[in-house]
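Participant: Structure below; questions to follow.
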Amino acid sequence: MSVTMPEVAATRGQHAHAVADPLDGAAVRADFPVLNQPPVEGRPPLVFLDSAASSQKPAVVIDALTDYYTRYNANIHRGVYELSEIATERYEAARKTVARFINARSARECIFVRNTTEAINLVAQSWGRANLRPGDLIVGTVMEHHSNLVPWQLVAAATGARLAHVRMTADGRLDLDHFDVLMTEEPKLVALAHVSNSLGTVHPVKELIARAHAVGATTLIDGAQSVPHLQTDVRDLDCDFLAFSGHKMCGPMGASVLYGKKALLDAMPPFLGGGSMIRKVELDGSTWADVPAKFEAGTPAVGDAIALAVAVGYLDGLGMERVWAHEREVVDYALERLREVEDVMLFGPRTAEARSGVVSFAVGDIHPHDVAAILDEGNVAVRAGHHCTQPLMRALGVVATTRASFYVYNTLEDVDRLVDGLHRVNRVLGGKRSVAPSAARADEPCRAQWEQADGGAKVPAEVPDVG
Ligand SMILES: Cc1ncc(COP(=O)(O)O)c(C=O)c1O
């Protein structure tokens, strides 16, 4: 299954395998050293269901990092010696690989940043401060990750802009009527995720971008949970900005991407000042380099960017259609099997089509941390908490959920292990409903809003407006 960087161009748009030829999760798993470690004595093999937080890395990516530090580690863009030239060439080649992956018009439209959070802060502080005036409206949604909420709160406080948030429906989708109502106020910016990290809901962003553009808004898409999972074409989406994290798509932590339309990036002031981003520096003022350098002050994560391109090559080699189809199959199976577990309450859309590889749930009133801890005893790794979406948790009427997130290396057997673990959670804690008072009590009044639905899953009858 392993693919090296040069194969990226060859497989782009004409993936080596048709969707009809499904991904073999077990074979893919063999590419990931962490997943193939011998388990500690007495523990079953690891089932990793926390890829929405950060994915595991295939051996080709780890090797690319080792190769960089072993053979050509040097600072870039400055040296006139061979190592620096090789590192510079590979760093810029990585930018082209990433640009091709999202179908950007030019590699100059891709800025390397540390993570999605930094990418969004860059836009907020640079584009936002330059373009937002008192009273201007920024539209987000109640489902956003804090990384796509807090930067806008900061820039709103600095500029006097206003914030409004699209509500969500009872089954965890965006309330599109409310979106349209907010568009009548002619916002300056619409910033929303393509896929919810807490519920897995896939939003119709192409349509929403068109509606936002129709009223003159600039658009930012948080692609942290979409770019790793579904084929992303920025020209087709027509988004103005797209932010995504390399570490959630098989790349190392440290290199991620902000895509921006070139005309917008050209017109924006720098975000961080320092080395590499200048054209000329005088003691009393400076001029800026062209994009992307204007937004890459200081020494970048050279090895991480190069390894990110290898990760992109790896995903492209698997074929993004197959990645998506594989997740559909695993999530579909998970939604079905989770309904067998007594007292499981599923959050978000009921069908796999409207979801990415994320499934959030509760087991009765048992605190999600206790659920996760018991799953961990069976070496099943899930996340429990608010997932950096506190307003969304409030809208759901809970303080936390347990979240299983699936990726290319997960299999139907992993779902079985999750379900076995949840049966055990019920056996161990099922009778003791107040083990974790913080969550159980805090959301008790809201429980009345939940109704038993088919197969034991419950949906909120009414979602409070927190927008
Ligand atoms: C939708 C979404 N946006 C933003 C982020 C932040 O990503 P990072 O931690 O890489 O900055 C995450 C991380 O989970 C996310 O899921």
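Every chain in the structure tokens has a letter given in the order shown (A, B, ...), and although residue numbers restart at 1 in each chain, ligands are simply numbered from 1 in the order shown.
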Output the neighbourhood of ligand 1 as number ranges by chain, that is, all protein and nucleic acid residues with some atom at most 8 Å from the ligand, counting only C-alpha atoms and all ligand atoms.

Facilitator: A: 52-54, 114-119, 144-148, 193-198, 222-225, 244-248, 256, 387-388

Participant: Export N, CA and C atoms of the chosen residues as a short mmCIF file (atom, residue, chain, number, x, y, z; two decimals), in the first residue's frame?

Facilitator:
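File result06.cif, as written:
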```
data_model
loop_
_atom_site.label_atom_id
_atom_site.label_comp_id
_atom_site.auth_asym_id
_atom_site.auth_seq_id
_atom_site.Cartn_x
_atom_site.Cartn_y
_atom_site.Cartn_z
N ALA A 52 -9.72 11.81 14.45
CA ALA A 52 -10.18 13.19 14.27
C ALA A 52 -9.30 14.15 15.07
N ALA A 53 -8.70 13.65 16.15
CA ALA A 53 -7.77 14.49 16.92
C ALA A 53 -6.43 14.55 16.21
N SER A 54 -5.90 13.41 15.85
CA SER A 54 -4.68 13.34 15.05
C SER A 54 -4.56 11.93 14.52
N ARG A 114 1.52 25.96 11.11
CA ARG A 114 1.66 24.82 12.02
C ARG A 114 0.41 23.95 12.06
N ASN A 115 -0.74 24.59 12.02
CA ASN A 115 -1.99 23.83 12.20
C ASN A 115 -3.18 24.67 11.72
N THR A 116 -4.34 24.08 11.73
CA THR A 116 -5.54 24.80 11.29
C THR A 116 -5.77 26.05 12.14
N THR A 117 -5.51 25.92 13.43
CA THR A 117 -5.71 27.05 14.34
C THR A 117 -4.88 28.24 13.89
N GLU A 118 -3.62 28.00 13.55
CA GLU A 118 -2.77 29.10 13.11
C GLU A 118 -3.27 29.67 11.78
N ALA A 119 -3.72 28.79 10.89
CA ALA A 119 -4.21 29.25 9.59
C ALA A 119 -5.40 30.21 9.77
N GLU A 144 -19.03 25.08 15.27
CA GLU A 144 -17.61 25.23 14.98
C GLU A 144 -16.71 24.76 16.12
N HIS A 145 -15.55 24.30 15.74
CA HIS A 145 -14.44 24.07 16.67
C HIS A 145 -14.01 25.43 17.22
N HIS A 146 -13.53 25.44 18.46
CA HIS A 146 -13.10 26.72 19.05
C HIS A 146 -12.10 27.46 18.15
N SER A 147 -11.35 26.71 17.37
CA SER A 147 -10.36 27.33 16.46
C SER A 147 -11.01 28.18 15.39
N ASN A 148 -12.29 27.94 15.14
CA ASN A 148 -12.99 28.76 14.15
C ASN A 148 -14.04 29.65 14.82
N ALA A 193 -16.97 25.19 9.15
CA ALA A 193 -16.29 23.93 8.87
C ALA A 193 -17.02 23.18 7.76
N HIS A 194 -16.27 22.41 7.00
CA HIS A 194 -16.89 21.54 5.99
C HIS A 194 -17.53 20.34 6.70
N VAL A 195 -16.82 19.85 7.72
CA VAL A 195 -17.29 18.68 8.47
C VAL A 195 -17.15 18.97 9.96
N SER A 196 -18.20 18.68 10.72
CA SER A 196 -18.16 18.89 12.18
C SER A 196 -17.26 17.85 12.85
N ASN A 197 -16.32 18.33 13.68
CA ASN A 197 -15.42 17.39 14.34
C ASN A 197 -16.11 16.64 15.48
N SER A 198 -17.23 17.18 15.99
CA SER A 198 -17.90 16.52 17.10
C SER A 198 -18.99 15.57 16.64
N ASP A 222 -13.15 25.74 7.22
CA ASP A 222 -12.28 24.97 8.10
C ASP A 222 -12.33 23.53 7.59
N GLY A 223 -11.24 23.14 6.94
CA GLY A 223 -11.20 21.81 6.32
C GLY A 223 -10.48 20.77 7.16
N ALA A 224 -10.32 21.05 8.47
CA ALA A 224 -9.55 20.13 9.32
C ALA A 224 -10.11 18.72 9.29
N GLN A 225 -11.46 18.60 9.20
CA GLN A 225 -12.07 17.26 9.22
C GLN A 225 -12.55 16.82 7.85
N PHE A 244 -6.42 23.59 6.75
CA PHE A 244 -6.45 22.17 7.15
C PHE A 244 -5.13 21.75 7.78
N SER A 245 -5.24 20.67 8.58
CA SER A 245 -4.11 20.22 9.41
C SER A 245 -3.44 19.00 8.81
N GLY A 246 -2.14 19.09 8.59
CA GLY A 246 -1.40 17.94 8.07
C GLY A 246 -1.43 16.74 8.99
N HIS A 247 -1.43 16.99 10.31
CA HIS A 247 -1.32 15.87 11.26
C HIS A 247 -2.60 15.04 11.33
N LYS A 248 -3.69 15.53 10.75
CA LYS A 248 -4.92 14.74 10.74
C LYS A 248 -5.04 13.93 9.45
N SER A 256 0.99 22.31 8.27
CA SER A 256 -0.41 22.35 7.84
C SER A 256 -0.53 23.44 6.79
N HIS A 387 -14.60 18.20 22.91
CA HIS A 387 -13.99 18.20 21.57
C HIS A 387 -13.77 19.63 21.05
N CYS A 388 -13.49 20.55 21.95
CA CYS A 388 -13.26 21.96 21.57
C CYS A 388 -14.48 22.54 20.86
#
```

Participant: So which residues touch Arg403 (chain A) within 7 Å, counting only C-alpha atoms, skipping near sequence neighbours fewer than 6 positions away, as a list in words?

Facilitator: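 Result of the neighbour search: Val358, Val359, Ser360, Phe361, Val382, Arg383 and Ala384 of chain A.
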
Participant: Next, dump the selected residues to file, keeping only C-alpha atoms, as an mmCIF file, in the first residue's frame.

Facilitator:
```cif
data_model
loop_
_atom_site.group_PDB
_atom_site.id
_atom_site.type_symbol
_atom_site.label_atom_id
_atom_site.label_comp_id
_atom_site.auth_asym_id
_atom_site.auth_seq_id
_atom_site.Cartn_x
_atom_site.Cartn_y
_atom_site.Cartn_z
ATOM 1 C CA VAL A 358 -16.940 10.559 13.311
ATOM 2 C CA VAL A 359 -19.507 9.064 15.681
ATOM 3 C CA SER A 360 -20.328 10.818 18.963
ATOM 4 C CA PHE A 361 -22.454 9.091 21.552
ATOM 5 C CA VAL A 382 -11.544 6.959 21.852
ATOM 6 C CA ARG A 383 -11.856 10.605 22.872
ATOM 7 C CA ALA A 384 -14.163 11.940 25.560
#
```

Participant: If you run DSSP on the backbone, which residues of region 79-240 of chain A are alpha helix (DSSP H), as a tab-separated table (two decimals) with N, CA and C atoms, in the first residue's frame?

Facilitator:
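Wrote out-v2.tsv, looks like this:
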```
chain	number	residue	atom	x	y	z
A	82	GLU	N	24.91	23.07	-1.03
A	82	GLU	CA	24.09	22.03	-1.62
A	82	GLU	C	22.93	21.56	-0.71
A	83	LEU	N	23.25	21.33	0.58
A	83	LEU	CA	22.20	20.80	1.46
A	83	LEU	C	21.01	21.74	1.52
A	84	SER	N	21.31	23.02	1.64
A	84	SER	CA	20.24	24.01	1.73
A	84	SER	C	19.44	24.06	0.43
A	85	GLU	N	20.16	23.90	-0.68
A	85	GLU	CA	19.45	23.92	-1.98
A	85	GLU	C	18.51	22.72	-2.10
A	86	ILE	N	18.99	21.56	-1.65
A	86	ILE	CA	18.13	20.36	-1.73
A	86	ILE	C	16.91	20.56	-0.82
A	87	ALA	N	17.16	21.03	0.39
A	87	ALA	CA	16.04	21.20	1.34
A	87	ALA	C	15.04	22.21	0.78
A	88	THR	N	15.55	23.30	0.20
A	88	THR	CA	14.66	24.32	-0.38
A	88	THR	C	13.83	23.74	-1.52
A	89	GLU	N	14.51	23.00	-2.37
A	89	GLU	CA	13.82	22.42	-3.54
A	89	GLU	C	12.71	21.47	-3.08
A	90	ARG	N	13.03	20.64	-2.07
A	90	ARG	CA	12.01	19.66	-1.61
A	90	ARG	C	10.85	20.37	-0.88
A	91	TYR	N	11.20	21.42	-0.16
A	91	TYR	CA	10.15	22.17	0.56
A	91	TYR	C	9.20	22.79	-0.45
A	92	GLU	N	9.75	23.39	-1.49
A	92	GLU	CA	8.87	24.01	-2.51
A	92	GLU	C	8.14	22.95	-3.33
A	93	ALA	N	8.79	21.80	-3.53
A	93	ALA	CA	8.09	20.70	-4.23
A	93	ALA	C	6.91	20.23	-3.38
A	94	ALA	N	7.09	20.23	-2.06
A	94	ALA	CA	6.00	19.81	-1.15
A	94	ALA	C	4.82	20.76	-1.30
A	95	ARG	N	5.12	22.04	-1.43
A	95	ARG	CA	4.04	23.03	-1.59
A	95	ARG	C	3.25	22.72	-2.87
A	96	LYS	N	3.97	22.36	-3.94
A	96	LYS	CA	3.28	22.04	-5.21
A	96	LYS	C	2.41	20.79	-5.05
A	97	THR	N	2.93	19.81	-4.33
A	97	THR	CA	2.16	18.56	-4.12
A	97	THR	C	0.86	18.85	-3.39
A	98	VAL	N	0.96	19.67	-2.34
A	98	VAL	CA	-0.22	20.01	-1.56
A	98	VAL	C	-1.21	20.80	-2.42
A	99	ALA	N	-0.68	21.73	-3.21
A	99	ALA	CA	-1.53	22.56	-4.08
A	99	ALA	C	-2.29	21.68	-5.08
A	100	ARG	N	-1.58	20.69	-5.64
A	100	ARG	CA	-2.24	19.78	-6.60
A	100	ARG	C	-3.33	18.97	-5.91
A	101	PHE	N	-3.07	18.58	-4.68
A	101	PHE	CA	-4.02	17.73	-3.92
A	101	PHE	C	-5.36	18.43	-3.74
A	116	THR	N	-4.34	24.08	11.73
A	116	THR	CA	-5.54	24.80	11.29
A	116	THR	C	-5.77	26.05	12.14
A	117	THR	N	-5.51	25.92	13.43
A	117	THR	CA	-5.71	27.05	14.34
A	117	THR	C	-4.88	28.24	13.89
A	118	GLU	N	-3.62	28.00	13.55
A	118	GLU	CA	-2.77	29.10	13.11
A	118	GLU	C	-3.27	29.67	11.78
A	119	ALA	N	-3.72	28.79	10.89
A	119	ALA	CA	-4.21	29.25	9.59
A	119	ALA	C	-5.40	30.21	9.77
A	120	ILE	N	-6.32	29.84	10.66
A	120	ILE	CA	-7.51	30.69	10.84
A	120	ILE	C	-7.13	31.99	11.54
A	121	ASN	N	-6.23	31.90	12.51
A	121	ASN	CA	-5.77	33.13	13.17
A	121	ASN	C	-5.07	34.06	12.18
A	122	LEU	N	-4.35	33.46	11.24
A	122	LEU	CA	-3.69	34.28	10.21
A	122	LEU	C	-4.73	35.09	9.44
A	123	VAL	N	-5.78	34.43	9.02
A	123	VAL	CA	-6.81	35.13	8.24
A	123	VAL	C	-7.51	36.17	9.12
A	129	ARG	N	-8.47	42.23	10.31
A	129	ARG	CA	-8.18	43.59	10.78
A	129	ARG	C	-8.14	44.58	9.62
A	130	ALA	N	-7.76	44.10	8.43
A	130	ALA	CA	-7.69	45.01	7.29
A	130	ALA	C	-9.05	45.28	6.67
A	131	ASN	N	-10.00	44.37	6.86
A	131	ASN	CA	-11.27	44.48	6.12
A	131	ASN	C	-12.51	44.70	6.96
A	150	VAL	N	-12.99	31.36	18.35
A	150	VAL	CA	-12.24	32.32	19.18
A	150	VAL	C	-11.46	33.35	18.34
A	151	PRO	N	-10.80	32.95	17.25
A	151	PRO	CA	-10.09	33.97	16.46
A	151	PRO	C	-11.03	35.08	15.97
A	152	TRP	N	-12.28	34.71	15.67
A	152	TRP	CA	-13.24	35.71	15.19
A	152	TRP	C	-13.75	36.58	16.33
A	153	GLN	N	-13.84	35.98	17.53
A	153	GLN	CA	-14.21	36.79	18.70
A	153	GLN	C	-13.12	37.84	18.95
A	154	LEU	N	-11.86	37.41	18.84
A	154	LEU	CA	-10.75	38.34	19.08
A	154	LEU	C	-10.77	39.48	18.07
A	155	VAL	N	-10.97	39.13	16.81
A	155	VAL	CA	-10.91	40.18	15.78
A	155	VAL	C	-12.17	41.05	15.83
A	156	ALA	N	-13.28	40.46	16.26
A	156	ALA	CA	-14.50	41.27	16.42
A	156	ALA	C	-14.29	42.30	17.54
A	157	ALA	N	-13.66	41.86	18.63
A	157	ALA	CA	-13.40	42.78	19.74
A	157	ALA	C	-12.47	43.90	19.30
A	158	ALA	N	-11.53	43.56	18.43
A	158	ALA	CA	-10.55	44.57	17.99
A	158	ALA	C	-11.12	45.54	16.96
A	159	THR	N	-12.09	45.09	16.16
A	159	THR	CA	-12.56	45.92	15.05
A	159	THR	C	-13.96	46.48	15.26
A	176	LEU	N	-30.35	25.47	7.57
A	176	LEU	CA	-30.07	26.23	6.35
A	176	LEU	C	-31.00	27.43	6.18
A	177	ASP	N	-32.21	27.34	6.76
A	177	ASP	CA	-33.11	28.50	6.72
A	177	ASP	C	-32.51	29.64	7.53
A	178	HIS	N	-31.96	29.29	8.68
A	178	HIS	CA	-31.33	30.31	9.51
A	178	HIS	C	-30.11	30.90	8.79
A	179	PHE	N	-29.37	30.04	8.10
A	179	PHE	CA	-28.23	30.53	7.31
A	179	PHE	C	-28.72	31.60	6.33
A	180	ASP	N	-29.81	31.30	5.64
A	180	ASP	CA	-30.33	32.25	4.65
A	180	ASP	C	-30.79	33.55	5.30
A	181	VAL	N	-31.38	33.44	6.50
A	181	VAL	CA	-31.80	34.66	7.21
A	181	VAL	C	-30.57	35.52	7.49
A	182	LEU	N	-29.50	34.88	7.95
A	182	LEU	CA	-28.28	35.65	8.26
A	182	LEU	C	-27.67	36.26	7.00
A	183	MET	N	-27.84	35.58	5.87
A	183	MET	CA	-27.29	36.13	4.62
A	183	MET	C	-27.99	37.43	4.22
A	205	VAL	N	-21.15	22.68	1.83
A	205	VAL	CA	-20.41	23.94	1.79
A	205	VAL	C	-20.36	24.60	0.41
A	206	LYS	N	-20.35	23.79	-0.63
A	206	LYS	CA	-20.29	24.40	-1.96
A	206	LYS	C	-21.50	25.33	-2.16
A	207	GLU	N	-22.65	24.80	-1.78
A	207	GLU	CA	-23.88	25.58	-1.90
A	207	GLU	C	-23.85	26.80	-0.97
A	208	LEU	N	-23.34	26.61	0.23
A	208	LEU	CA	-23.32	27.72	1.20
A	208	LEU	C	-22.33	28.79	0.78
A	209	ILE	N	-21.21	28.37	0.19
A	209	ILE	CA	-20.23	29.35	-0.31
A	209	ILE	C	-20.88	30.20	-1.41
A	210	ALA	N	-21.62	29.54	-2.30
A	210	ALA	CA	-22.29	30.27	-3.39
A	210	ALA	C	-23.29	31.28	-2.81
A	211	ARG	N	-24.05	30.85	-1.79
A	211	ARG	CA	-25.03	31.77	-1.20
A	211	ARG	C	-24.32	32.94	-0.51
A	212	ALA	N	-23.20	32.66	0.13
A	212	ALA	CA	-22.44	33.72	0.80
A	212	ALA	C	-21.86	34.69	-0.23
A	213	HIS	N	-21.31	34.14	-1.30
A	213	HIS	CA	-20.75	35.01	-2.34
A	213	HIS	C	-21.83	35.89	-2.97
A	214	ALA	N	-23.03	35.33	-3.07
A	214	ALA	CA	-24.12	36.08	-3.70
A	214	ALA	C	-24.44	37.37	-2.95
A	234	VAL	N	-10.55	23.09	-4.39
A	234	VAL	CA	-10.86	24.48	-3.99
A	234	VAL	C	-11.44	25.29	-5.15
A	235	ARG	N	-11.12	24.88	-6.38
A	235	ARG	CA	-11.70	25.63	-7.51
A	235	ARG	C	-13.17	25.32	-7.66
A	236	ASP	N	-13.49	24.05	-7.44
A	236	ASP	CA	-14.90	23.66	-7.53
A	236	ASP	C	-15.70	24.27	-6.36
A	237	LEU	N	-15.14	24.21	-5.16
A	237	LEU	CA	-15.83	24.79	-3.99
A	237	LEU	C	-15.94	26.30	-4.12
```

Participant: Can you tell me, as a PDB file with N, CA and C atoms, in the first residue's frame, what residues are no more than 10 Å from Met393 (chain A) when counting only C-alpha atoms, ignoring any on the same chain fewer than 5 positions away?

Facilitator:
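Resulting contents of selection-v1.pdb:
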```pdb
ATOM      1  N   VAL A 142     -22.942  27.400  15.250  1.00  0.00           N
ATOM      2  CA  VAL A 142     -22.818  26.906  16.632  1.00  0.00           C
ATOM      3  C   VAL A 142     -22.025  25.602  16.682  1.00  0.00           C
ATOM      4  N   MET A 143     -21.736  25.046  15.491  1.00  0.00           N
ATOM      5  CA  MET A 143     -21.068  23.743  15.466  1.00  0.00           C
ATOM      6  C   MET A 143     -19.557  23.856  15.321  1.00  0.00           C
ATOM      7  N   SER A 198     -17.230  17.185  15.987  1.00  0.00           N
ATOM      8  CA  SER A 198     -17.903  16.517  17.102  1.00  0.00           C
ATOM      9  C   SER A 198     -18.994  15.566  16.640  1.00  0.00           C
ATOM     10  N   GLY A 385     -15.029  14.170  25.861  1.00  0.00           N
ATOM     11  CA  GLY A 385     -14.912  15.570  26.281  1.00  0.00           C
ATOM     12  C   GLY A 385     -15.804  16.442  25.428  1.00  0.00           C
ATOM     13  N   HIS A 386     -15.490  17.731  25.383  1.00  0.00           N
ATOM     14  CA  HIS A 386     -16.315  18.639  24.576  1.00  0.00           C
ATOM     15  C   HIS A 386     -15.749  18.816  23.173  1.00  0.00           C
ATOM     16  N   HIS A 387     -14.597  18.204  22.913  1.00  0.00           N
ATOM     17  CA  HIS A 387     -13.989  18.204  21.574  1.00  0.00           C
ATOM     18  C   HIS A 387     -13.765  19.626  21.048  1.00  0.00           C
ATOM     19  N   CYS A 388     -13.488  20.553  21.955  1.00  0.00           N
ATOM     20  CA  CYS A 388     -13.262  21.963  21.568  1.00  0.00           C
ATOM     21  C   CYS A 388     -14.478  22.537  20.860  1.00  0.00           C
ATOM     22  N   VAL A 398     -25.592  18.681  26.544  1.00  0.00           N
ATOM     23  CA  VAL A 398     -24.669  17.826  27.299  1.00  0.00           C
ATOM     24  C   VAL A 398     -23.386  18.624  27.545  1.00  0.00           C
ATOM     25  N   VAL A 399     -22.545  18.126  28.431  1.00  0.00           N
ATOM     26  CA  VAL A 399     -21.266  18.822  28.605  1.00  0.00           C
ATOM     27  C   VAL A 399     -20.139  18.102  27.884  1.00  0.00           C
ATOM     28  N   ALA A 400     -20.409  16.873  27.477  1.00  0.00           N
ATOM     29  CA  ALA A 400     -19.352  16.096  26.822  1.00  0.00           C
ATOM     30  C   ALA A 400     -19.977  14.916  26.086  1.00  0.00           C
ATOM     31  N   THR A 401     -19.230  14.364  25.155  1.00  0.00           N
ATOM     32  CA  THR A 401     -19.650  13.110  24.510  1.00  0.00           C
ATOM     33  C   THR A 401     -18.439  12.181  24.438  1.00  0.00           C
ATOM     34  N   ASP A 443     -26.215  18.012  32.922  1.00  0.00           N
ATOM     35  CA  ASP A 443     -27.109  17.991  31.767  1.00  0.00           C
ATOM     36  C   ASP A 443     -28.440  17.315  32.086  1.00  0.00           C
TER      37      ASP A 443
END
```

Participant: Could you find all residues in region 306-406 of chain A that DSSP calls strand (DSSP E or B) from the backbone, and write them as a PyMOL selection string?

Facilitator: chain A and resi 344-347+355+358-363+366+380-381+383-385+401-405

Participant: Check the smallest atom-to-atom distance from each of A:Ser226, A:Ser286, A:Asn73, A:Thr351 to Glu336 (chain A) using only C-alpha atoms, then report the winner.

Facilitator: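 The closest residue to Glu336 (chain A) is A:Thr351.
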
Participant: At a cut-off of 6 Å, using only C-alpha atoms, what residues contact Cys110 (chain A)? Leave out same-chain residues fewer than 2 positions from it and give the result as a PyMOL selection string.

Facilitator: chain A and resi 107-108+258-259

Participant: Looking at only C-alpha atoms, which of A:Arg394, A:Phe406, A:Thr169, A:Ala372 is the one that sits closest to Leu422 (chain A)?

Facilitator: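 Under the stated criterion, the closest residue is A:Ala372.
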